[in-house]
2 protein chains.
Amino acid sequence: MKRPIAILGGTGPAGMGLALRWARAGETVIIGSRSVERAQEAAAGIRARVGATSSVAGEENAAACAASDLLVLTVPFEGQVALLKQLKPAFKPGSILIDATVPLASSVGGRASRTLGVWQGSAAQQAAELVPQGVTVVAAFQNCSADALNGDDPVECDVLVCSDDPNAMRQVIELAAKIPGVRAIDGGKLENARIVERITALLIGLNIRHKGHSGIRITGLPPSSYHGSE
Amino acid sequence: MKRPIAILGGTGPAGMGLALRWARAGETVIIGSRSVERAQEAAAGIRARVGATSSVAGEENAAACAASDLLVLTVPFEGQVALLKQLKPAFKPGSILIDATVPLASSVGGRASRTLGVWQGSAAQQAAELVPQGVTVVAAFQNCSADALNGDDPVECDVLVCSDDPNAMRQVIELAAKIPGVRAIDGGKLENARIVERITALLIGLNIRHKGHSGIRITGLPPSSYHGSE
């Protein structure tokens with residue numbers, strides 16, 4: 001059986017978009033949610049779009065977490081800590097948790113074009129403090145427009161993958177490169193999520209000001225630095 | 001006579017690169033430096049590259065500042081406050097100061113892939129606090145690779161222009177769009193320099209890790225948002 005990807009808090013726009021893209025790429029996806037009904041409804045929606053050969057299931061978050069060692073966290077910042085605390089007993093040792101959380105000021109009623117300061121430096125580093133030992137956090141996908149992910153065109157965005165673990169980094173780069181249009185780039189240590197997360201707030205500001213669905217591309221690196229294709 | 005562009009602290013790689021590009025675009029450029037000899041030597045170097053029709057002079061920083069109302073600041077972060085304090089009596093009322101400063105941790109012996117926290121939020125906002133009333137600060141050009149600017153190929157980088165003054169914003173967008181390859185984008189209020197400045201540290205980290213001269217492109221905005229061409 002294929003190694004499934006569990007998308008925790010996956011019924012929001014970002015989680016649904018990633019689920020859609022990976023299901024299309026032939027991956028087995030489990031959508032996690034607080035409500036198993038909502039998760040199954042979301043999974044059915046993806047299956048209907050991708051077709052009968054797709055493998056997408058819905059589970060309660062803890063069950064989704066326990067069913068996979070390749071996890072993606074796509075919750076709003078205000079839900080991140082509570083969910084990670086709740087999932088603590090569910091993690092398999094050796095799991096990779098891909099954190100896409102952005103500490104937008106909208107989490108506390110402010111603007112989505114601004115960020116909050118996180119004590120640990122970034123939402124991803126906060127996640128790393130909350131997962132059990134043996135679980136590796138990788139920061140990625142914060143800058144991809146959910147609108148773009150949920151569409152049918154290639155996603156015009158590079159994904160900066162940040163992690164302190166080279167093996168986990170490699171696996172997430174491979175996963176990101178499966179999304180048409182995405183180029184995955186080794187973005188260095190997890191602490192660099194401090195900057196990558198903030199870029200999302202900048203892009204949201206641009207979207208509001210210019211009425212777009214913006215993303216970023218990194219130019220000027222050698223071809224071997226880019227994984228996937230525009 | 002054409003309105004000159006004065007590049008203060010302009011003998012470093014960023015200042016030289018901007019001077020070269022604007023001289024090539026037919027602009028009148030004054031390179032400012034602590035040392036008038038160094039400024040004149042730098043100006044002669046640009047003239048030699050661009051050709052006899054170019055108009056590039058060298059002046060001491062205060063004289064360069066007094067000679068123009070379109071100023072660009074390209075000093076390392078550790079020199080920003082002292083230079084702005086020194087220039088205070090030299091500014092013409094109504095001047096635009098384009099700040100390209102990035103608070104890299106290398107300013108205090110740390111890594112250039114990390115930033116310092118600036119009390120005002122960004123180096124550009126610090127500049128805004130230090131200039132006399134009537135001088136408008138616009139943040140721009142932080143993300144352009146100095147290597148790319150000093151080369152002959154189009155500069156593969158979008159310039160996010162941040163300012164609280166729509167008129168100054170418009171003028172700087174026009175100026176940025178004169179650099180081949182650069183697309184200038186309205187990046188919103190000056191406070192957004194907090195994020196744009198940090199992107200430079202991320203790009204420097206990518207340059208070290210991947211051996212490149214990286215830049216950024218913003219994707220997904222309507223064509224009218226981009227000024228200049230790739």
# chains A, B, ... in the order shown; residues from 1 in each chain; ligands from 1

call {"tool": "residues_around", "arguments": {"residues": "Asn61 in chain A", "least_positions_apart": "6", "cutoff": "7 Å", "atoms": "only C-alpha atoms", "output": "PDB file with all heavy atoms, in the first residue's frame"}}
result
ATOM      1  N   LEU A   8      -3.729  17.458   8.218  1.00  0.00           N
ATOM      2  CA  LEU A   8      -4.432  17.716   9.480  1.00  0.00           C
ATOM      3  C   LEU A   8      -5.012  19.121   9.463  1.00  0.00           C
ATOM      4  O   LEU A   8      -4.345  20.077   9.064  1.00  0.00           O
ATOM      5  CB  LEU A   8      -3.447  17.543  10.637  1.00  0.00           C
ATOM      6  CG  LEU A   8      -2.675  16.208  10.596  1.00  0.00           C
ATOM      7  CD1 LEU A   8      -1.573  16.182  11.640  1.00  0.00           C
ATOM      8  CD2 LEU A   8      -3.621  15.030  10.752  1.00  0.00           C
ATOM      9  N   GLY A   9      -6.260  19.248   9.895  1.00  0.00           N
ATOM     10  CA  GLY A   9      -6.946  20.528   9.735  1.00  0.00           C
ATOM     11  C   GLY A   9      -7.096  20.806   8.255  1.00  0.00           C
ATOM     12  O   GLY A   9      -6.911  21.925   7.793  1.00  0.00           O
ATOM     13  N   GLY A  32      -7.764  15.221   7.458  1.00  0.00           N
ATOM     14  CA  GLY A  32      -8.143  15.219   8.870  1.00  0.00           C
ATOM     15  C   GLY A  32      -8.931  16.469   9.212  1.00  0.00           C
ATOM     16  O   GLY A  32      -8.715  17.529   8.643  1.00  0.00           O
ATOM     17  N   SER A  33      -9.874  16.302  10.151  1.00  0.00           N
ATOM     18  CA  SER A  33     -10.675  17.438  10.605  1.00  0.00           C
ATOM     19  C   SER A  33     -11.132  17.163  12.035  1.00  0.00           C
ATOM     20  O   SER A  33     -11.071  16.033  12.508  1.00  0.00           O
ATOM     21  CB  SER A  33     -11.888  17.613   9.692  1.00  0.00           C
ATOM     22  OG  SER A  33     -12.781  18.576  10.213  1.00  0.00           O
ATOM     23  N   ARG A  34     -11.584  18.205  12.726  1.00  0.00           N
ATOM     24  CA  ARG A  34     -12.184  17.978  14.048  1.00  0.00           C
ATOM     25  C   ARG A  34     -13.399  17.074  13.910  1.00  0.00           C
ATOM     26  O   ARG A  34     -13.677  16.252  14.764  1.00  0.00           O
ATOM     27  CB  ARG A  34     -12.644  19.321  14.642  1.00  0.00           C
ATOM     28  CG  ARG A  34     -11.619  19.925  15.564  1.00  0.00           C
ATOM     29  CD  ARG A  34     -12.090  21.266  16.051  1.00  0.00           C
ATOM     30  NE  ARG A  34     -12.277  22.199  14.928  1.00  0.00           N
ATOM     31  CZ  ARG A  34     -12.589  23.473  15.058  1.00  0.00           C
ATOM     32  NH1 ARG A  34     -12.767  23.992  16.272  1.00  0.00           N
ATOM     33  NH2 ARG A  34     -12.728  24.261  14.009  1.00  0.00           N
TER      34      ARG A  34
END

call {"tool": "interface_residues", "arguments": {"of": "chain A", "to": "chain B", "cutoff": "6 Å", "atoms": "only C-alpha atoms", "output": "list in words"}}
result
Gly212, His213, Ser214, Gly215, Ile216, Arg217, Ile218, Thr219, Gly220 and Leu221 of chain A

call {"tool": "write_last_selection", "arguments": {"atoms": "N, CA, C and O atoms", "output": "compact mmCIF listing (two decimals), in the first residue's frame"}}
result
# COMPACT_ATOMS: atom_id res chain seq x y z
N GLY A 212 -5.25 40.08 -6.82
CA GLY A 212 -4.62 38.94 -7.48
C GLY A 212 -4.54 37.75 -6.55
O GLY A 212 -5.10 37.76 -5.44
N HIS A 213 -3.88 36.70 -7.02
CA HIS A 213 -3.60 35.54 -6.18
C HIS A 213 -2.10 35.32 -6.30
O HIS A 213 -1.64 34.46 -7.06
N SER A 214 -1.35 36.09 -5.57
CA SER A 214 0.09 36.15 -5.81
C SER A 214 0.86 34.97 -5.22
O SER A 214 0.39 34.28 -4.32
N GLY A 215 2.04 34.78 -5.78
CA GLY A 215 2.98 33.79 -5.30
C GLY A 215 4.38 34.34 -5.52
O GLY A 215 4.53 35.47 -5.98
N ILE A 216 5.41 33.55 -5.18
CA ILE A 216 6.77 34.03 -5.43
C ILE A 216 7.55 33.02 -6.27
O ILE A 216 7.27 31.82 -6.27
N ARG A 217 8.49 33.55 -7.02
CA ARG A 217 9.50 32.74 -7.68
C ARG A 217 10.85 33.24 -7.22
O ARG A 217 11.03 34.45 -7.04
N ILE A 218 11.78 32.32 -7.02
CA ILE A 218 13.16 32.69 -6.73
C ILE A 218 13.93 32.59 -8.04
O ILE A 218 13.90 31.56 -8.71
N THR A 219 14.62 33.67 -8.39
CA THR A 219 15.42 33.67 -9.62
C THR A 219 16.91 33.52 -9.26
O THR A 219 17.30 33.68 -8.10
N GLY A 220 17.72 33.23 -10.26
CA GLY A 220 19.17 33.37 -10.13
C GLY A 220 19.90 32.24 -9.43
O GLY A 220 21.08 32.38 -9.13
N LEU A 221 19.22 31.12 -9.17
CA LEU A 221 19.93 29.97 -8.59
C LEU A 221 20.27 28.98 -9.70
O LEU A 221 19.63 28.96 -10.75

call {"tool": "select_by_dssp", "arguments": {"residues": "range 50-193 of chain A", "states": "alpha helix (DSSP H)", "output": "ChimeraX atom specification"}}
result
/A:50,61-66,77-87,123-130,146-149,166-176,193

call {"tool": "write_last_selection", "arguments": {"atoms": "C-alpha atoms", "output": "PDB file, in the first residue's frame"}}
result
ATOM      1  CA  VAL A  50     -10.085  13.877  -9.406  1.00  0.00           C
ATOM      2  CA  ASN A  61      -7.542  14.586  13.042  1.00  0.00           C
ATOM      3  CA  ALA A  62      -6.097  12.160  15.636  1.00  0.00           C
ATOM      4  CA  ALA A  63      -7.014   9.130  13.544  1.00  0.00           C
ATOM      5  CA  ALA A  64      -5.508  10.746  10.439  1.00  0.00           C
ATOM      6  CA  CYS A  65      -2.341  11.516  12.404  1.00  0.00           C
ATOM      7  CA  ALA A  66      -2.082   7.932  13.694  1.00  0.00           C
ATOM      8  CA  PHE A  77      -2.413  30.044  13.506  1.00  0.00           C
ATOM      9  CA  GLU A  78      -4.937  30.382  16.332  1.00  0.00           C
ATOM     10  CA  GLY A  79      -5.643  26.652  16.109  1.00  0.00           C
ATOM     11  CA  GLN A  80      -2.053  25.396  15.841  1.00  0.00           C
ATOM     12  CA  VAL A  81      -1.060  24.977  19.493  1.00  0.00           C
ATOM     13  CA  ALA A  82      -4.301  23.329  20.615  1.00  0.00           C
ATOM     14  CA  LEU A  83      -4.258  20.849  17.736  1.00  0.00           C
ATOM     15  CA  LEU A  84      -0.615  19.890  18.258  1.00  0.00           C
ATOM     16  CA  LYS A  85      -1.219  19.358  21.985  1.00  0.00           C
ATOM     17  CA  GLN A  86      -4.258  17.230  21.239  1.00  0.00           C
ATOM     18  CA  LEU A  87      -2.340  15.135  18.688  1.00  0.00           C
ATOM     19  CA  ALA A 123       5.020  29.174  13.768  1.00  0.00           C
ATOM     20  CA  ALA A 124       7.120  26.275  12.459  1.00  0.00           C
ATOM     21  CA  GLN A 125       9.567  26.577  15.341  1.00  0.00           C
ATOM     22  CA  GLN A 126       6.622  26.720  17.726  1.00  0.00           C
ATOM     23  CA  ALA A 127       5.405  23.468  16.168  1.00  0.00           C
ATOM     24  CA  ALA A 128       8.845  21.913  16.611  1.00  0.00           C
ATOM     25  CA  GLU A 129       8.640  22.668  20.328  1.00  0.00           C
ATOM     26  CA  LEU A 130       5.226  21.009  20.617  1.00  0.00           C
ATOM     27  CA  ALA A 146      -4.989  28.512  -1.778  1.00  0.00           C
ATOM     28  CA  ASP A 147      -6.949  29.798  -4.763  1.00  0.00           C
ATOM     29  CA  ALA A 148      -4.185  28.672  -7.095  1.00  0.00           C
ATOM     30  CA  LEU A 149      -3.928  25.262  -5.389  1.00  0.00           C
ATOM     31  CA  PRO A 166      18.311  16.698   5.506  1.00  0.00           C
ATOM     32  CA  ASN A 167      16.378  13.438   5.082  1.00  0.00           C
ATOM     33  CA  ALA A 168      13.020  15.022   5.909  1.00  0.00           C
ATOM     34  CA  MET A 169      13.941  17.995   3.700  1.00  0.00           C
ATOM     35  CA  ARG A 170      14.544  15.670   0.751  1.00  0.00           C
ATOM     36  CA  GLN A 171      11.195  13.905   1.189  1.00  0.00           C
ATOM     37  CA  VAL A 172       9.250  17.157   1.389  1.00  0.00           C
ATOM     38  CA  ILE A 173      11.041  18.563  -1.655  1.00  0.00           C
ATOM     39  CA  GLU A 174       9.935  15.459  -3.588  1.00  0.00           C
ATOM     40  CA  LEU A 175       6.368  15.883  -2.371  1.00  0.00           C
ATOM     41  CA  ALA A 176       6.243  19.582  -3.285  1.00  0.00           C
ATOM     42  CA  ALA A 193      10.571  29.894   8.332  1.00  0.00           C
TER      43      ALA A 193
END

call {"tool": "atom_distance", "arguments": {"atom1": "CA of Leu71 in chain B", "atom2": "CA of Thr28 in chain B"}}
result
12.1 Å

call {"tool": "select_by_dssp", "arguments": {"residues": "range 18-188 of chain A", "states": "strand (DSSP E or B)", "output": "PyMOL selection string"}}
result
chain A and resi 28-33+55-60+70-73+96-99+104+115+136-139+158-162+183-186

call {"tool": "decode", "arguments": {"residues": "range 49-65 of chain A", "atoms": "all heavy atoms", "output": "PDB file, in the first residue's frame"}}
result
ATOM      1  N   ARG A  49     -13.753  15.436  -7.928  1.00  0.00           N
ATOM      2  CA  ARG A  49     -12.999  16.255  -8.886  1.00  0.00           C
ATOM      3  C   ARG A  49     -11.907  15.468  -9.588  1.00  0.00           C
ATOM      4  O   ARG A  49     -11.616  15.701 -10.759  1.00  0.00           O
ATOM      5  CB  ARG A  49     -12.340  17.454  -8.179  1.00  0.00           C
ATOM      6  CG  ARG A  49     -13.306  18.606  -7.938  1.00  0.00           C
ATOM      7  CD  ARG A  49     -12.587  19.843  -7.433  1.00  0.00           C
ATOM      8  NE  ARG A  49     -11.810  20.529  -8.454  1.00  0.00           N
ATOM      9  CZ  ARG A  49     -11.140  21.653  -8.241  1.00  0.00           C
ATOM     10  NH1 ARG A  49     -11.181  22.219  -7.049  1.00  0.00           N
ATOM     11  NH2 ARG A  49     -10.448  22.225  -9.205  1.00  0.00           N
ATOM     12  N   VAL A  50     -11.262  14.555  -8.851  1.00  0.00           N
ATOM     13  CA  VAL A  50     -10.085  13.877  -9.406  1.00  0.00           C
ATOM     14  C   VAL A  50     -10.464  12.625 -10.194  1.00  0.00           C
ATOM     15  O   VAL A  50      -9.825  12.277 -11.182  1.00  0.00           O
ATOM     16  CB  VAL A  50      -9.072  13.540  -8.284  1.00  0.00           C
ATOM     17  CG1 VAL A  50      -7.852  12.827  -8.838  1.00  0.00           C
ATOM     18  CG2 VAL A  50      -8.656  14.801  -7.544  1.00  0.00           C
ATOM     19  N   GLY A  51     -11.523  11.948  -9.750  1.00  0.00           N
ATOM     20  CA  GLY A  51     -11.958  10.752 -10.480  1.00  0.00           C
ATOM     21  C   GLY A  51     -11.885   9.501  -9.631  1.00  0.00           C
ATOM     22  O   GLY A  51     -11.330   9.492  -8.527  1.00  0.00           O
ATOM     23  N   ALA A  52     -12.423   8.430 -10.168  1.00  0.00           N
ATOM     24  CA  ALA A  52     -12.669   7.198  -9.410  1.00  0.00           C
ATOM     25  C   ALA A  52     -11.379   6.507  -8.978  1.00  0.00           C
ATOM     26  O   ALA A  52     -11.358   5.786  -7.979  1.00  0.00           O
ATOM     27  CB  ALA A  52     -13.512   6.244 -10.242  1.00  0.00           C
ATOM     28  N   THR A  53     -10.289   6.726  -9.700  1.00  0.00           N
ATOM     29  CA  THR A  53      -9.040   6.044  -9.348  1.00  0.00           C
ATOM     30  C   THR A  53      -8.341   6.694  -8.153  1.00  0.00           C
ATOM     31  O   THR A  53      -7.372   6.144  -7.628  1.00  0.00           O
ATOM     32  CB  THR A  53      -8.053   6.075 -10.534  1.00  0.00           C
ATOM     33  OG1 THR A  53      -7.811   7.451 -10.863  1.00  0.00           O
ATOM     34  CG2 THR A  53      -8.628   5.367 -11.740  1.00  0.00           C
ATOM     35  N   SER A  54      -8.840   7.855  -7.730  1.00  0.00           N
ATOM     36  CA  SER A  54      -8.147   8.578  -6.658  1.00  0.00           C
ATOM     37  C   SER A  54      -8.394   7.928  -5.305  1.00  0.00           C
ATOM     38  O   SER A  54      -9.426   7.289  -5.080  1.00  0.00           O
ATOM     39  CB  SER A  54      -8.598  10.039  -6.633  1.00  0.00           C
ATOM     40  OG  SER A  54      -9.977  10.112  -6.308  1.00  0.00           O
ATOM     41  N   SER A  55      -7.438   8.119  -4.408  1.00  0.00           N
ATOM     42  CA  SER A  55      -7.535   7.520  -3.081  1.00  0.00           C
ATOM     43  C   SER A  55      -7.485   8.637  -2.033  1.00  0.00           C
ATOM     44  O   SER A  55      -6.421   9.081  -1.623  1.00  0.00           O
ATOM     45  CB  SER A  55      -6.373   6.541  -2.901  1.00  0.00           C
ATOM     46  OG  SER A  55      -6.321   6.100  -1.573  1.00  0.00           O
ATOM     47  N   VAL A  56      -8.677   9.090  -1.631  1.00  0.00           N
ATOM     48  CA  VAL A  56      -8.780  10.174  -0.653  1.00  0.00           C
ATOM     49  C   VAL A  56      -9.811   9.790   0.402  1.00  0.00           C
ATOM     50  O   VAL A  56     -10.970   9.504   0.065  1.00  0.00           O
ATOM     51  CB  VAL A  56      -9.218  11.505  -1.316  1.00  0.00           C
ATOM     52  CG1 VAL A  56      -9.152  12.651  -0.309  1.00  0.00           C
ATOM     53  CG2 VAL A  56      -8.369  11.823  -2.528  1.00  0.00           C
ATOM     54  N   ALA A  57      -9.376   9.757   1.654  1.00  0.00           N
ATOM     55  CA  ALA A  57     -10.283   9.406   2.744  1.00  0.00           C
ATOM     56  C   ALA A  57     -10.396  10.571   3.716  1.00  0.00           C
ATOM     57  O   ALA A  57      -9.580  11.497   3.693  1.00  0.00           O
ATOM     58  CB  ALA A  57      -9.766   8.174   3.478  1.00  0.00           C
ATOM     59  N   GLY A  58     -11.397  10.529   4.586  1.00  0.00           N
ATOM     60  CA  GLY A  58     -11.562  11.550   5.620  1.00  0.00           C
ATOM     61  C   GLY A  58     -11.583  10.901   6.987  1.00  0.00           C
ATOM     62  O   GLY A  58     -12.187   9.846   7.172  1.00  0.00           O
ATOM     63  N   GLU A  59     -10.907  11.527   7.955  1.00  0.00           N
ATOM     64  CA  GLU A  59     -10.814  10.979   9.316  1.00  0.00           C
ATOM     65  C   GLU A  59     -10.834  12.134  10.314  1.00  0.00           C
ATOM     66  O   GLU A  59     -10.513  13.269   9.964  1.00  0.00           O
ATOM     67  CB  GLU A  59      -9.477  10.232   9.511  1.00  0.00           C
ATOM     68  CG  GLU A  59      -9.230   9.058   8.617  1.00  0.00           C
ATOM     69  CD  GLU A  59      -9.798   7.760   9.176  1.00  0.00           C
ATOM     70  OE1 GLU A  59     -10.562   7.839  10.176  1.00  0.00           O
ATOM     71  OE2 GLU A  59      -9.485   6.699   8.618  1.00  0.00           O
ATOM     72  N   GLU A  60     -11.122  11.805  11.537  1.00  0.00           N
ATOM     73  CA  GLU A  60     -10.901  12.774  12.618  1.00  0.00           C
ATOM     74  C   GLU A  60      -9.389  13.012  12.678  1.00  0.00           C
ATOM     75  O   GLU A  60      -8.594  12.123  12.361  1.00  0.00           O
ATOM     76  CB  GLU A  60     -11.474  12.188  13.916  1.00  0.00           C
ATOM     77  CG  GLU A  60     -11.762  13.205  15.013  1.00  0.00           C
ATOM     78  CD  GLU A  60     -10.515  13.495  15.833  1.00  0.00           C
ATOM     79  OE1 GLU A  60      -9.681  12.575  15.969  1.00  0.00           O
ATOM     80  OE2 GLU A  60     -10.367  14.634  16.303  1.00  0.00           O
ATOM     81  N   ASN A  61      -8.969  14.226  13.074  1.00  0.00           N
ATOM     82  CA  ASN A  61      -7.542  14.586  13.042  1.00  0.00           C
ATOM     83  C   ASN A  61      -6.627  13.546  13.701  1.00  0.00           C
ATOM     84  O   ASN A  61      -5.592  13.179  13.131  1.00  0.00           O
ATOM     85  CB  ASN A  61      -7.318  15.951  13.722  1.00  0.00           C
ATOM     86  CG  ASN A  61      -7.595  17.127  12.785  1.00  0.00           C
ATOM     87  OD1 ASN A  61      -7.237  17.081  11.597  1.00  0.00           O
ATOM     88  ND2 ASN A  61      -8.230  18.167  13.307  1.00  0.00           N
ATOM     89  N   ALA A  62      -6.984  13.086  14.917  1.00  0.00           N
ATOM     90  CA  ALA A  62      -6.097  12.160  15.636  1.00  0.00           C
ATOM     91  C   ALA A  62      -5.974  10.834  14.886  1.00  0.00           C
ATOM     92  O   ALA A  62      -4.880  10.252  14.810  1.00  0.00           O
ATOM     93  CB  ALA A  62      -6.607  11.923  17.056  1.00  0.00           C
ATOM     94  N   ALA A  63      -7.055  10.383  14.316  1.00  0.00           N
ATOM     95  CA  ALA A  63      -7.014   9.130  13.544  1.00  0.00           C
ATOM     96  C   ALA A  63      -6.174   9.317  12.285  1.00  0.00           C
ATOM     97  O   ALA A  63      -5.387   8.428  11.905  1.00  0.00           O
ATOM     98  CB  ALA A  63      -8.436   8.678  13.178  1.00  0.00           C
ATOM     99  N   ALA A  64      -6.316  10.460  11.633  1.00  0.00           N
ATOM    100  CA  ALA A  64      -5.508  10.746  10.439  1.00  0.00           C
ATOM    101  C   ALA A  64      -4.030  10.788  10.804  1.00  0.00           C
ATOM    102  O   ALA A  64      -3.177  10.241  10.088  1.00  0.00           O
ATOM    103  CB  ALA A  64      -5.945  12.081   9.825  1.00  0.00           C
ATOM    104  N   CYS A  65      -3.723  11.398  11.941  1.00  0.00           N
ATOM    105  CA  CYS A  65      -2.341  11.516  12.404  1.00  0.00           C
ATOM    106  C   CYS A  65      -1.751  10.140  12.691  1.00  0.00           C
ATOM    107  O   CYS A  65      -0.603   9.846  12.331  1.00  0.00           O
ATOM    108  CB  CYS A  65      -2.314  12.391  13.649  1.00  0.00           C
ATOM    109  SG  CYS A  65      -0.685  12.677  14.343  1.00  0.00           S
TER     110      CYS A  65
END
